[in-house]
file input.txt (compact mmCIF, C-alpha atoms (C1' of nucleotides))
# COMPACT_ATOMS: atom_id res chain seq x y z
CA MET A 451 100.19 83.49 61.29
CA ASP A 452 98.33 81.76 64.12
CA LYS A 453 98.44 85.00 65.99
CA THR A 454 95.06 84.24 67.40
CA ILE A 455 96.14 80.87 68.78
CA GLN A 456 99.03 82.33 70.73
CA GLU A 457 96.89 85.21 71.84
CA GLU A 458 94.26 82.79 73.10
CA ARG A 459 96.96 80.86 74.89
CA VAL A 460 98.14 83.89 76.81
CA ARG A 461 94.57 84.88 77.56
CA GLY A 462 94.15 81.40 78.92
CA PHE A 463 97.12 81.83 81.24
CA PHE A 464 95.57 84.91 82.75
CA ILE A 465 92.15 83.32 83.01
CA GLU A 466 93.54 80.22 84.71
CA ALA A 467 95.46 82.38 87.16
CA ALA A 468 92.36 84.39 87.95
CA LYS A 469 90.31 81.23 88.41
CA ASP A 470 92.89 79.77 90.78
CA LEU A 471 92.82 82.93 92.86
CA ILE A 472 89.03 83.07 92.98
CA ARG A 473 88.83 79.44 94.02
CA ALA A 474 91.53 79.72 96.64
CA GLU A 475 90.95 83.14 98.17
CA GLY A 476 87.90 84.71 96.62
CA LEU A 477 87.31 87.68 94.40
CA ALA A 478 88.98 90.19 96.69
CA VAL A 479 92.50 89.07 95.85
CA VAL A 480 91.96 89.07 92.11
CA THR A 481 94.03 92.17 91.42
CA ALA A 482 95.85 92.93 88.20
CA ARG A 483 99.18 92.44 89.92
CA ASN A 484 98.24 89.20 91.68
CA VAL A 485 96.82 87.62 88.57
CA ALA A 486 99.75 88.69 86.42
CA GLU A 487 102.29 87.39 88.88
CA ARG A 488 100.59 84.01 89.01
CA ALA A 489 100.37 83.97 85.22
CA GLY A 490 104.05 84.81 84.91
CA TYR A 491 103.60 88.21 83.32
CA SER A 492 103.83 91.83 84.31
CA TYR A 493 100.64 93.51 85.43
CA ALA A 494 100.55 95.77 82.42
CA THR A 495 100.60 92.85 80.02
CA LEU A 496 97.13 91.96 81.22
CA TYR A 497 95.82 95.05 79.50
CA ASN A 498 97.03 93.84 76.14
CA TYR A 499 94.65 90.90 76.40
CA PHE A 500 91.74 92.21 78.45
CA HIS A 501 89.97 95.52 78.41
CA ASP A 502 90.17 95.76 82.18
CA ILE A 503 90.22 93.57 85.25
CA ARG A 504 86.45 93.10 85.17
CA ASP A 505 86.70 91.85 81.62
CA LEU A 506 89.13 89.19 82.78
CA ILE A 507 86.97 88.23 85.73
CA PHE A 508 83.89 87.84 83.57
CA CYS A 509 85.83 85.53 81.30
CA CYS A 510 86.00 83.09 84.21
CA ILE A 511 82.25 82.85 84.51
CA GLU A 512 81.59 80.40 81.70
CA ASP A 513 84.38 78.10 82.88
CA PHE A 514 83.01 78.10 86.39
CA MET A 515 79.55 77.20 85.16
CA ASP A 516 81.08 74.23 83.36
CA GLU A 517 82.95 73.22 86.49
CA CYS A 518 79.79 73.45 88.55
CA ARG A 519 77.95 71.31 86.04
CA GLU A 520 80.68 68.70 86.17
CA PHE A 521 80.77 68.80 89.94
CA ILE A 522 77.06 68.07 90.05
CA ASP A 523 77.36 65.28 87.50
CA HIS A 524 80.07 63.59 89.56
CA GLU A 525 78.05 63.56 92.76
CA ASP A 526 76.34 60.33 93.61
CA LYS A 527 73.24 59.85 91.54
CA LYS A 528 71.54 56.82 93.04
CA THR A 529 67.98 58.02 93.43
CA ASP A 530 64.68 56.34 93.15
CA SER A 531 62.42 59.31 92.52
CA LEU A 532 62.34 62.38 90.35
CA GLU A 533 62.00 64.52 93.43
CA GLY A 534 65.09 62.82 94.79
CA LYS A 535 67.01 63.72 91.67
CA LEU A 536 65.96 67.35 91.86
CA LEU A 537 66.98 67.38 95.49
CA LEU A 538 70.36 65.87 94.70
CA ILE A 539 71.04 68.48 92.05
CA SER A 540 69.96 71.24 94.39
CA LYS A 541 72.17 70.01 97.19
CA SER A 542 75.17 69.58 94.92
CA PHE A 543 74.59 73.03 93.52
CA ALA A 544 74.61 74.43 97.03
CA LYS A 545 77.64 72.39 98.01
CA PHE A 546 79.62 73.72 95.08
CA PHE A 547 78.98 77.35 95.89
CA ILE A 548 79.50 76.94 99.61
CA GLN A 549 82.86 75.47 98.77
CA TYR A 550 83.62 78.41 96.49
CA PRO A 551 81.65 81.38 97.78
CA GLY A 552 83.71 83.71 95.62
CA ILE A 553 82.29 82.05 92.54
CA PHE A 554 78.75 82.63 93.79
CA GLY A 555 79.57 86.30 94.21
CA LEU A 556 80.98 86.40 90.73
CA LEU A 557 78.02 84.71 89.07
CA TYR A 558 75.15 86.29 90.95
CA GLU A 559 76.19 89.29 93.01
CA GLN A 560 78.68 91.10 90.82
CA LYS A 561 77.18 94.26 89.38
CA SER A 562 76.71 94.20 85.63
CA ASN A 563 78.35 97.52 84.89
CA ALA A 564 80.69 95.81 82.48
CA ILE A 565 80.76 96.12 78.75
CA ALA A 566 77.56 95.55 76.83
CA THR A 567 79.03 92.69 74.84
CA LYS A 568 79.35 90.65 77.99
CA ASN A 569 75.66 91.01 78.77
CA SER A 570 75.00 87.89 76.76
CA ASN A 571 76.66 86.01 79.59
CA PHE A 572 74.15 87.31 82.08
CA GLY A 573 71.30 85.62 80.33
CA LYS A 574 73.20 82.36 80.58
CA ILE A 575 73.80 82.86 84.28
CA GLY A 576 70.16 83.57 85.02
CA ALA A 577 69.15 80.39 83.24
CA PHE A 578 72.03 78.30 84.56
CA PHE A 579 70.27 76.45 87.34
CA ASP A 580 67.25 75.92 85.14
CA SER A 581 69.49 74.30 82.55
CA LEU A 582 70.58 71.81 85.22
CA THR A 583 67.07 70.89 86.30
CA ASN A 584 65.05 71.36 83.14
CA ASP A 585 64.72 67.69 82.20
CA THR A 586 63.89 66.60 85.72
CA TRP A 587 61.24 69.25 86.10
CA LYS A 588 59.65 68.25 82.81
CA GLU A 589 59.25 64.70 84.04
CA ILE A 590 57.99 65.85 87.41
CA GLY A 591 55.38 67.92 85.66
CA LYS A 592 54.34 64.98 83.56
CA LYS A 593 54.19 62.55 86.47
CA ASN A 594 52.27 64.88 88.76
CA LYS A 595 50.04 66.22 86.00
CA PHE A 596 50.92 69.81 86.79
CA THR A 597 49.62 72.39 84.38
CA ALA A 598 52.28 74.18 82.39
CA HIS A 599 51.57 77.28 84.42
CA SER A 600 51.85 75.52 87.75
CA LEU A 601 55.01 73.73 86.70
CA GLU A 602 56.61 77.00 85.69
CA THR A 603 55.71 78.65 88.97
CA ARG A 604 57.01 75.72 91.01
CA ARG A 605 60.20 75.59 89.05
CA LYS A 606 60.88 79.30 89.37
CA THR A 607 59.98 79.49 93.02
CA HIS A 608 62.21 76.54 93.80
CA ALA A 609 65.17 77.98 91.90
CA LEU A 610 64.80 81.46 93.35
CA ALA A 611 64.42 80.16 96.89
CA LEU A 612 67.56 78.08 96.49
CA HIS A 613 69.50 81.08 95.25
CA GLY A 614 68.12 83.25 98.01
CA MET A 615 69.09 80.60 100.54
CA LEU A 616 72.62 80.51 99.20
CA MET A 617 72.92 84.28 99.25
CA MET A 618 71.78 84.35 102.86
CA HIS A 619 74.01 81.49 103.90
CA ILE A 620 77.16 82.53 102.06
CA ASN A 621 76.91 86.07 103.34
CA GLY A 622 76.19 84.97 106.89
CA ARG A 623 72.63 86.27 107.11
CA ASP A 624 71.19 83.01 108.36
CA ASN A 625 72.27 81.64 111.72
CA GLN A 626 72.61 78.20 110.31
CA GLU A 627 75.22 75.51 109.82
CA TYR A 628 75.62 73.39 106.73
CA PRO A 629 73.37 70.50 107.85
CA GLY A 630 70.58 72.93 108.66
CA LEU A 631 70.88 74.39 105.21
CA LEU A 632 70.49 70.97 103.62
CA LYS A 633 67.35 70.42 105.67
CA GLU A 634 65.97 73.70 104.37
CA ILE A 635 66.72 72.67 100.83
CA GLU A 636 64.85 69.45 101.41
CA LYS A 637 61.83 71.22 102.80
CA CYS A 638 61.73 73.77 100.04
CA THR A 639 62.22 71.19 97.31
CA GLY A 640 59.55 69.00 98.81
CA PHE A 641 57.12 71.89 98.94
CA ALA A 642 57.77 72.88 95.35
CA THR A 643 57.16 69.38 94.02
CA GLU A 644 54.39 68.13 96.27
CA MET B 161 80.49 116.05 130.50
CA ASP B 162 78.03 114.84 127.89
CA LYS B 163 80.94 113.72 125.84
CA THR B 164 78.92 110.85 124.62
CA ILE B 165 76.15 113.08 123.34
CA GLN B 166 78.50 115.15 121.24
CA GLU B 167 80.27 112.05 120.11
CA GLU B 168 77.01 110.50 119.01
CA ARG B 169 76.15 113.71 117.19
CA VAL B 170 79.32 113.60 115.12
CA ARG B 171 78.85 109.90 114.48
CA GLY B 172 75.39 110.82 113.25
CA PHE B 173 76.80 113.33 110.79
CA PHE B 174 78.99 110.69 109.25
CA ILE B 175 76.21 108.14 109.19
CA GLU B 176 73.80 110.55 107.53
CA ALA B 177 76.40 111.46 104.93
CA ALA B 178 77.06 107.80 104.21
CA LYS B 179 73.35 107.08 103.93
CA ASP B 180 72.86 109.97 101.52
CA LEU B 181 75.65 108.67 99.33
CA ILE B 182 74.36 105.10 99.35
CA ARG B 183 70.87 106.27 98.45
CA ALA B 184 72.02 108.59 95.73
CA GLU B 185 74.89 106.74 94.10
CA GLY B 186 75.28 103.34 95.73
CA LEU B 187 77.91 101.72 97.86
CA ALA B 188 80.75 102.26 95.40
CA VAL B 189 81.06 105.98 96.14
CA VAL B 190 81.04 105.58 99.90
CA THR B 191 84.72 106.35 100.38
CA ALA B 192 86.27 107.82 103.50
CA ARG B 193 86.99 111.05 101.67
CA ASN B 194 83.56 111.35 100.06
CA VAL B 195 81.70 110.70 103.28
CA ALA B 196 83.90 113.05 105.28
CA GLU B 197 83.54 115.85 102.75
CA ARG B 198 79.75 115.53 102.83
CA ALA B 199 79.82 115.44 106.62
CA GLY B 200 82.02 118.54 106.75
CA TYR B 201 85.07 116.87 108.24
CA SER B 202 88.43 115.69 107.12
CA TYR B 203 88.73 112.09 106.06
CA ALA B 204 90.93 111.21 109.02
CA THR B 205 88.34 112.41 111.51
CA LEU B 206 86.18 109.51 110.46
CA TYR B 207 88.61 107.13 112.10
CA ASN B 208 88.12 108.76 115.49
CA TYR B 209 84.48 107.71 115.42
CA PHE B 210 84.51 104.48 113.42
CA HIS B 211 86.90 101.60 113.41
CA ASP B 212 87.03 101.63 109.63
CA ILE B 213 84.89 102.44 106.64
CA ARG B 214 83.03 99.13 106.88
CA ASP B 215 82.13 99.88 110.45
CA LEU B 216 80.54 103.11 109.32
CA ILE B 217 78.70 101.43 106.49
CA PHE B 218 77.27 98.78 108.77
CA CYS B 219 75.97 101.50 111.07
CA CYS B 220 73.63 102.50 108.25
CA ILE B 221 71.96 99.13 108.11
CA GLU B 222 69.59 99.51 111.01
CA ASP B 223 68.45 102.93 109.80
CA PHE B 224 67.78 101.57 106.37
CA MET B 225 65.71 98.74 107.76
CA ASP B 226 63.60 101.31 109.59
CA GLU B 227 63.22 103.32 106.40
CA CYS B 228 62.17 100.25 104.49
CA ARG B 229 59.61 99.43 107.13
CA GLU B 230 58.20 102.94 106.96
CA PHE B 231 58.17 102.85 103.18
CA ILE B 232 56.09 99.68 103.25
CA ASP B 233 53.72 101.07 105.88
CA HIS B 234 53.06 104.14 103.74
CA GLU B 235 52.15 102.17 100.65
CA ASP B 236 48.48 101.79 99.95
CA LYS B 237 46.98 99.16 102.21
CA LYS B 238 43.50 98.66 100.84
CA THR B 239 43.25 94.91 100.58
CA ASP B 240 40.47 92.46 101.07
CA SER B 241 42.42 89.30 101.69
CA LEU B 242 45.32 88.12 103.78
CA GLU B 243 47.07 86.92 100.64
CA GLY B 244 46.55 90.39 99.22
CA LYS B 245 48.25 91.91 102.20
CA LEU B 246 51.22 89.60 101.96
CA LEU B 247 51.46 90.41 98.29
CA LEU B 248 51.36 94.14 98.99
CA ILE B 249 54.14 93.88 101.52
CA SER B 250 56.20 91.78 99.15
CA LYS B 251 55.76 94.21 96.31
CA SER B 252 56.58 97.22 98.45
CA PHE B 253 59.62 95.44 99.77
CA ALA B 254 60.78 94.83 96.22
CA LYS B 255 59.97 98.36 95.17
CA PHE B 256 62.08 99.80 97.97
CA PHE B 257 65.17 97.84 97.07
CA ILE B 258 64.81 98.37 93.36
CA GLN B 259 64.73 102.07 94.09
CA TYR B 260 67.86 101.74 96.25
CA PRO B 261 69.81 98.76 94.94
CA GLY B 262 72.82 99.84 96.95
CA ILE B 263 70.89 99.23 100.15
CA PHE B 264 70.06 95.72 99.02
CA GLY B 265 73.74 95.08 98.46
CA LEU B 266 74.51 96.46 101.87
CA LEU B 267 71.93 94.39 103.71
CA TYR B 268 72.23 91.10 101.90
CA GLU B 269 75.31 90.87 99.71
CA GLN B 270 78.02 92.59 101.74
CA LYS B 271 80.45 90.06 103.17
CA SER B 272 80.40 89.81 106.93
CA ASN B 273 84.12 90.11 107.51
CA ALA B 274 83.47 92.99 109.86
CA ILE B 275 83.96 93.03 113.59
CA ALA B 276 82.32 90.34 115.66
CA THR B 277 80.26 92.82 117.64
CA LYS B 278 78.38 93.74 114.52
CA ASN B 279 77.33 90.17 113.89
CA SER B 280 74.26 90.75 116.02
CA ASN B 281 73.02 92.90 113.19
CA PHE B 282 73.17 90.02 110.77
CA GLY B 283 70.62 88.07 112.69
CA LYS B 284 68.30 91.03 112.46
CA ILE B 285 68.84 91.30 108.73
CA GLY B 286 68.10 87.64 108.13
CA ALA B 287 64.86 87.94 110.04
CA PHE B 288 63.93 91.35 108.66
CA PHE B 289 61.45 90.33 106.01
CA ASP B 290 59.92 87.79 108.37
CA SER B 291 59.35 90.55 110.90
CA LEU B 292 57.35 92.41 108.26
CA THR B 293 55.13 89.48 107.36
CA ASN B 294 54.96 87.50 110.59
CA ASP B 295 51.47 88.59 111.65
CA THR B 296 50.01 88.14 108.20
CA TRP B 297 51.46 84.66 107.86
CA LYS B 298 50.07 83.65 111.23
CA GLU B 299 46.58 84.59 110.12
CA ILE B 300 47.05 82.87 106.78
CA GLY B 301 48.06 79.72 108.59
CA LYS B 302 45.02 79.90 110.79
CA LYS B 303 42.61 80.60 107.97
CA ASN B 304 43.95 77.88 105.69
CA LYS B 305 44.50 75.40 108.51
CA PHE B 306 48.13 74.87 107.57
CA THR B 307 50.14 72.77 109.96
CA ALA B 308 52.89 74.64 111.80
CA HIS B 309 55.42 72.78 109.71
CA SER B 310 53.73 73.58 106.42
CA LEU B 311 53.30 77.20 107.40
CA GLU B 312 56.97 77.50 108.24
CA THR B 313 58.03 75.96 104.96
CA ARG B 314 55.70 78.20 102.96
CA ARG B 315 56.86 81.28 104.79
CA LYS B 316 60.53 80.50 104.32
CA THR B 317 60.19 79.49 100.71
CA HIS B 318 58.27 82.63 99.93
CA ALA B 319 60.79 84.90 101.65
CA LEU B 320 63.81 83.22 100.12
CA ALA B 321 62.31 83.24 96.64
CA LEU B 322 61.57 86.95 96.96
CA HIS B 323 65.12 87.67 98.02
CA GLY B 324 66.50 85.49 95.27
CA MET B 325 64.30 87.31 92.78
CA LEU B 326 65.60 90.65 93.97
CA MET B 327 69.20 89.53 93.78
CA MET B 328 68.68 88.33 90.23
CA HIS B 329 66.82 91.45 89.18
CA ILE B 330 69.04 94.03 90.84
CA ASN B 331 72.18 92.44 89.47
CA GLY B 332 70.73 92.08 85.99
CA ARG B 333 70.59 88.28 85.90
CA ASP B 334 66.99 88.14 84.79
CA ASN B 335 65.98 89.55 81.45
CA GLN B 336 62.98 91.18 82.94
CA GLU B 337 61.45 94.61 83.38
CA TYR B 338 59.78 95.88 86.52
CA PRO B 339 56.22 94.84 85.59
CA GLY B 340 57.40 91.32 84.82
CA LEU B 341 59.01 91.16 88.22
CA LEU B 342 55.76 92.12 89.92
CA LYS B 343 54.01 89.36 88.00
CA GLU B 344 56.57 86.88 89.28
CA ILE B 345 56.05 88.07 92.83
CA GLU B 346 52.34 87.52 92.40
CA LYS B 347 52.80 84.00 91.10
CA CYS B 348 55.26 83.05 93.78
CA THR B 349 53.16 84.53 96.56
CA GLY B 350 50.08 82.82 95.24
CA PHE B 351 51.86 79.49 95.13
CA ALA B 352 53.16 79.82 98.66
CA THR B 353 49.74 80.60 100.11
CA GLU B 354 47.47 78.46 98.02
C1' DT C 1287 122.79 87.16 57.54
C1' DT C 1288 121.63 91.53 58.83
C1' DA C 1289 118.79 95.61 59.14
C1' DA C 1290 114.16 97.31 59.57
C1' DT C 1291 109.77 96.63 61.16
C1' DT C 1292 106.30 94.83 63.85
C1' DA C 1293 104.57 92.61 67.91
C1' DT C 1294 104.89 91.88 72.69
C1' DA C 1295 106.24 92.80 77.43
C1' DT C 1296 107.92 95.74 81.11
C1' DT C 1297 108.98 99.77 83.78
C1' DA C 1298 107.53 104.10 85.45
C1' DA C 1299 104.03 106.95 86.55
C1' DC C 1300 99.26 108.81 87.90
C1' DA C 1301 95.11 109.07 90.41
C1' DA C 1302 92.17 107.08 93.91
C1' DT C 1303 91.56 104.11 97.70
C1' DG C 1304 92.08 102.90 103.10
C1' DT C 1305 94.56 103.88 106.98
C1' DT C 1306 97.90 105.73 110.46
C1' DA C 1307 101.13 108.93 112.82
C1' DA C 1308 102.55 113.38 113.64
C1' DA C 1309 101.27 118.12 113.87
C1' DA C 1310 97.94 121.72 114.54
C1' DA C 1311 93.88 123.67 116.41
C1' DA C 1312 90.25 123.98 119.65
C1' DA C 1313 88.23 123.31 123.97
C1' DT C 1314 88.63 122.87 128.82
C1' DG C 1315 90.18 123.71 133.54
C1' DA C 1316 93.25 125.76 137.02
C1' DT D 1252 96.13 133.42 131.30
C1' DC D 1253 98.37 129.35 130.65
C1' DA D 1254 98.67 124.27 130.84
C1' DT D 1255 96.35 120.19 129.60
C1' DT D 1256 93.33 117.50 127.21
C1' DT D 1257 90.43 116.64 123.32
C1' DT D 1258 89.51 117.03 118.62
C1' DT D 1259 90.75 117.80 113.88
C1' DT D 1260 93.73 118.06 110.10
C1' DT D 1261 97.80 117.52 107.24
C1' DA D 1262 101.18 114.49 105.52
C1' DA D 1263 102.49 110.15 104.46
C1' DC D 1264 102.41 105.10 103.08
C1' DA D 1265 100.76 101.03 100.92
C1' DT D 1266 97.67 99.11 97.59
C1' DT D 1267 94.41 99.48 93.91
C1' DG D 1268 93.44 100.11 88.44
C1' DT D 1269 95.16 101.91 84.43
C1' DT D 1270 98.03 104.21 80.78
C1' DA D 1271 102.13 105.94 78.27
C1' DA D 1272 106.70 105.46 77.25
C1' DT D 1273 110.27 102.30 76.86
C1' DA D 1274 112.57 98.03 76.16
C1' DT D 1275 112.70 93.48 74.40
C1' DA D 1276 111.57 89.79 71.28
C1' DA D 1277 109.96 88.10 66.95
C1' DT D 1278 109.35 88.59 62.20
C1' DT D 1279 110.14 90.17 57.67
C1' DA D 1280 112.76 92.25 53.81
C1' DA D 1281 116.98 92.96 51.49

call {"tool": "encode", "arguments": {"input": "input.txt", "output": "structure tokens"}}
result
Amino acid sequence: MDKTIQEERVRGFFIEAAKDLIRAEGLAVVTARNVAERAGYSYATLYNYFHDIRDLIFCCIEDFMDECREFIDHEDKKTDSLEGKLLLISKSFAKFFIQYPGIFGLLYEQKSNAIATKNSNFGKIGAFFDSLTNDTWKEIGKKNKFTAHSLETRRKTHALALHGMLMMHINGRDNQEYPGLLKEIEKCTGFATE
Amino acid sequence: MDKTIQEERVRGFFIEAAKDLIRAEGLAVVTARNVAERAGYSYATLYNYFHDIRDLIFCCIEDFMDECREFIDHEDKKTDSLEGKLLLISKSFAKFFIQYPGIFGLLYEQKSNAIATKNSNFGKIGAFFDSLTNDTWKEIGKKNKFTAHSLETRRKTHALALHGMLMMHINGRDNQEYPGLLKEIEKCTGFATE
DNA sequence: TTAATTATATTAACAATGTTAAAAAAATGA
DNA sequence: TCATTTTTTTAACATTGTTAATATAATTAA
């Protein structure tokens, strides 16, 4: 018995190996052979535990979201205002993905051709940043007496702009260094909450 | 003589073939062999005219930007307000890339590992949407008496949010149909200009 | 314990990719 | 016409994902 436990263990080995590779060198090097070697197995073994290489890669998504959440929680939190808190979360969010651009590609840019069962994950991804800022936004709305409609628009615009900014920056479409990006985040956050 | 003319002609054949493929089936099918077959050449010939397959793909970018611009110009332009015009451009912009998601990937999501000489293109890409809306924004700023700083922030936030929206939508991260997306564009545009 | 069975892992192989070098074909010039 | 240069193609290699056949390990039955 306990087949499932051992099976999950081996799956975990592959997932950890894939995560290490993504963190260190990006998605491009996450090949069946590379992952298997790092996990200590033959490349074919991977296919006993995952439908295909995309299946494996998508299994990393949830873990990375957790890591990002932790990363943000561990950043300094000394803020006086609600807007400051939103800004801190936004900056940490950006910092995380600039550090690991491969993870950004995985979460937001990877095409969703994969198996239908994984589509549940996509909903989580789309709502990920909102889940980080939901409480703060609620309070901001209360404090500033925004209507529900206005709050929703501000929240969405802010989140989408941040994601757009990261896409542009990570893929080299803005001629901007890291400090400039932080300034942009400040401006955009200020505008959304003013 | 006129070597360059003939050379440019052949380059054009490859570029057209690549563009056709991207339009019809997306980036994934743009392989050296596929492109060459469609262009009427052997796959190795491609390497006499382009450094590598990425080089060829990047040569399509400028053409696609022109096409997008034309597409937007040909959309109905009957609007009463400046905000209406900005909204129309934004919607057309979205419509174009939803029709050709592969082009969006090419312009905004493709990693910029390519040759340094091509990096000039990236600046153009980053400023592409701004070049479509620049005049309209100027007038909006004048009419609404926005400060230069406020105008800039509104313009950037609006553009980035639109791009973020498209990334989310094209890659299936929002659980939203096309009409819902248009509604979001309306809200976000309204917020940025109000 | 040992033989049979089941579960797991690996090797070998295939097709498709990018890319290059050598060979062939075509164009050009004397 | 023949030599040279330019252009194109064929052949080949390495690297992908993936599968089928094989080997190994673990488990179960006698």

call {"tool": "residues_around", "arguments": {"input": "input.txt", "residues": "DA1271 of chain D", "least_positions_apart": "4", "cutoff": "12 Å", "atoms": "only C-alpha atoms (C1' of nucleotides)", "output": "list in words"}}
result
Ala494 of chain A; DT1297, DA1298, DA1299 and DC1300 of chain C

call {"tool": "write_last_selection", "arguments": {"input": "input.txt", "atoms": "C-alpha atoms (C1' of nucleotides)", "output": "mmCIF file, in the coordinates of the input"}}
result
data_model
loop_
_atom_site.group_PDB
_atom_site.id
_atom_site.type_symbol
_atom_site.label_atom_id
_atom_site.label_comp_id
_atom_site.auth_asym_id
_atom_site.auth_seq_id
_atom_site.Cartn_x
_atom_site.Cartn_y
_atom_site.Cartn_z
ATOM 1 C CA ALA A 494 100.550 95.770 82.420
ATOM 2 C "C1'" DT C 1297 108.980 99.770 83.780
ATOM 3 C "C1'" DA C 1298 107.530 104.100 85.450
ATOM 4 C "C1'" DA C 1299 104.030 106.950 86.550
ATOM 5 C "C1'" DC C 1300 99.260 108.810 87.900
#

call {"tool": "closest_residue", "arguments": {"input": "input.txt", "among": "D:DT1259, D:DT1266, D:DT1273, D:DT1279", "to": "chain B", "atoms": "all atoms listed in the file"}}
result
D:DT1259

call {"tool": "interface_residues", "arguments": {"input": "input.txt", "of": "chain D", "to": "chain A", "cutoff": "12 Å", "atoms": "only C-alpha atoms (C1' of nucleotides)", "output": "list in words"}}
result
DT1266, DT1267, DG1268, DT1269, DT1270, DA1271, DA1277 and DT1278 of chain D

call {"tool": "closest_atom_pairs", "arguments": {"input": "input.txt", "of": "chain A", "to": "chain C", "cutoff": "10 Å", "atoms": "only C-alpha atoms (C1' of nucleotides)", "output": "CSV"}}
result
residue,atom,partner,partner_atom,distance
A:Lys453,CA,C:DA1293,C1',10.0
A:Tyr491,CA,C:DA1295,C1',7.9
A:Ser492,CA,C:DT1296,C1',6.5
A:Tyr493,CA,C:DT1296,C1',8.8
A:Ala494,CA,C:DT1296,C1',7.5
A:Thr495,CA,C:DA1295,C1',6.2
A:Leu496,CA,C:DA1295,C1',9.9
A:Asn498,CA,C:DT1294,C1',8.8

call {"tool": "closest_residue", "arguments": {"input": "input.txt", "among": "A:Leu582, A:Ile472, A:Leu556, A:Val480", "to": "chain B", "atoms": "all atoms listed in the file"}}
result
A:Leu556

call {"tool": "interface_residues", "arguments": {"input": "input.txt", "of": "chain A", "to": "chain B", "cutoff": "10 Å", "atoms": "all atoms listed in the file", "output": "VMD selection string"}}
result
chain A and resid 555 557 to 563 569 571 to 577 599 to 600 602 to 604 606 to 625 634 to 635 637 to 642

call {"tool": "atom_distance", "arguments": {"input": "input.txt", "atom1": "atom CA of Ala178 of chain B", "atom2": "atom CA of Ser252 of chain B"}}
result
23.8 Å

call {"tool": "atom_distance", "arguments": {"input": "input.txt", "atom1": "atom CA of Gly552 of chain A", "atom2": "atom CA of Arg473 of chain A"}}
result
6.9 Å

call {"tool": "residues_around", "arguments": {"input": "input.txt", "residues": "Gly200 of chain B", "least_positions_apart": "6", "cutoff": "10 Å", "atoms": "only C-alpha atoms (C1' of nucleotides)", "output": "list in words"}}
result
Phe173, Phe174, Ala177 and Asn194 of chain B

call {"tool": "atom_distance", "arguments": {"input": "input.txt", "atom1": "atom CA of Ala254 of chain B", "atom2": "atom CA of Asp180 of chain B"}}
result
20.1 Å

call {"tool": "residues_around", "arguments": {"input": "input.txt", "residues": "segment 529-540 of chain A", "least_positions_apart": "2", "cutoff": "7 Å", "atoms": "all atoms listed in the file", "output": "PDB file with C-alpha atoms, keeping the file's coordinate frame"}}
result
ATOM      1  CA  ILE A 522      77.060  68.070  90.050  1.00  0.00           C
ATOM      2  CA  LYS A 527      73.240  59.850  91.540  1.00  0.00           C
ATOM      3  CA  SER A 542      75.170  69.580  94.920  1.00  0.00           C
ATOM      4  CA  PHE A 543      74.590  73.030  93.520  1.00  0.00           C
ATOM      5  CA  ALA A 544      74.610  74.430  97.030  1.00  0.00           C
ATOM      6  CA  THR A 583      67.070  70.890  86.300  1.00  0.00           C
ATOM      7  CA  THR A 586      63.890  66.600  85.720  1.00  0.00           C
ATOM      8  CA  ILE A 590      57.990  65.850  87.410  1.00  0.00           C
ATOM      9  CA  GLU A 636      64.850  69.450 101.410  1.00  0.00           C
ATOM     10  CA  THR A 639      62.220  71.190  97.310  1.00  0.00           C
ATOM     11  CA  THR A 643      57.160  69.380  94.020  1.00  0.00           C
TER      12      THR A 643
END

call {"tool": "axis_aligned_box", "arguments": {"input": "input.txt", "around": "segment 489-500 of chain A", "padding_each_side": "3 Å", "output": "AutoDock Vina command-line options"}}
result
--center_x 97.9 --center_y 89.9 --center_z 80.8 --size_x 18.3 --size_y 17.8 --size_z 15.3
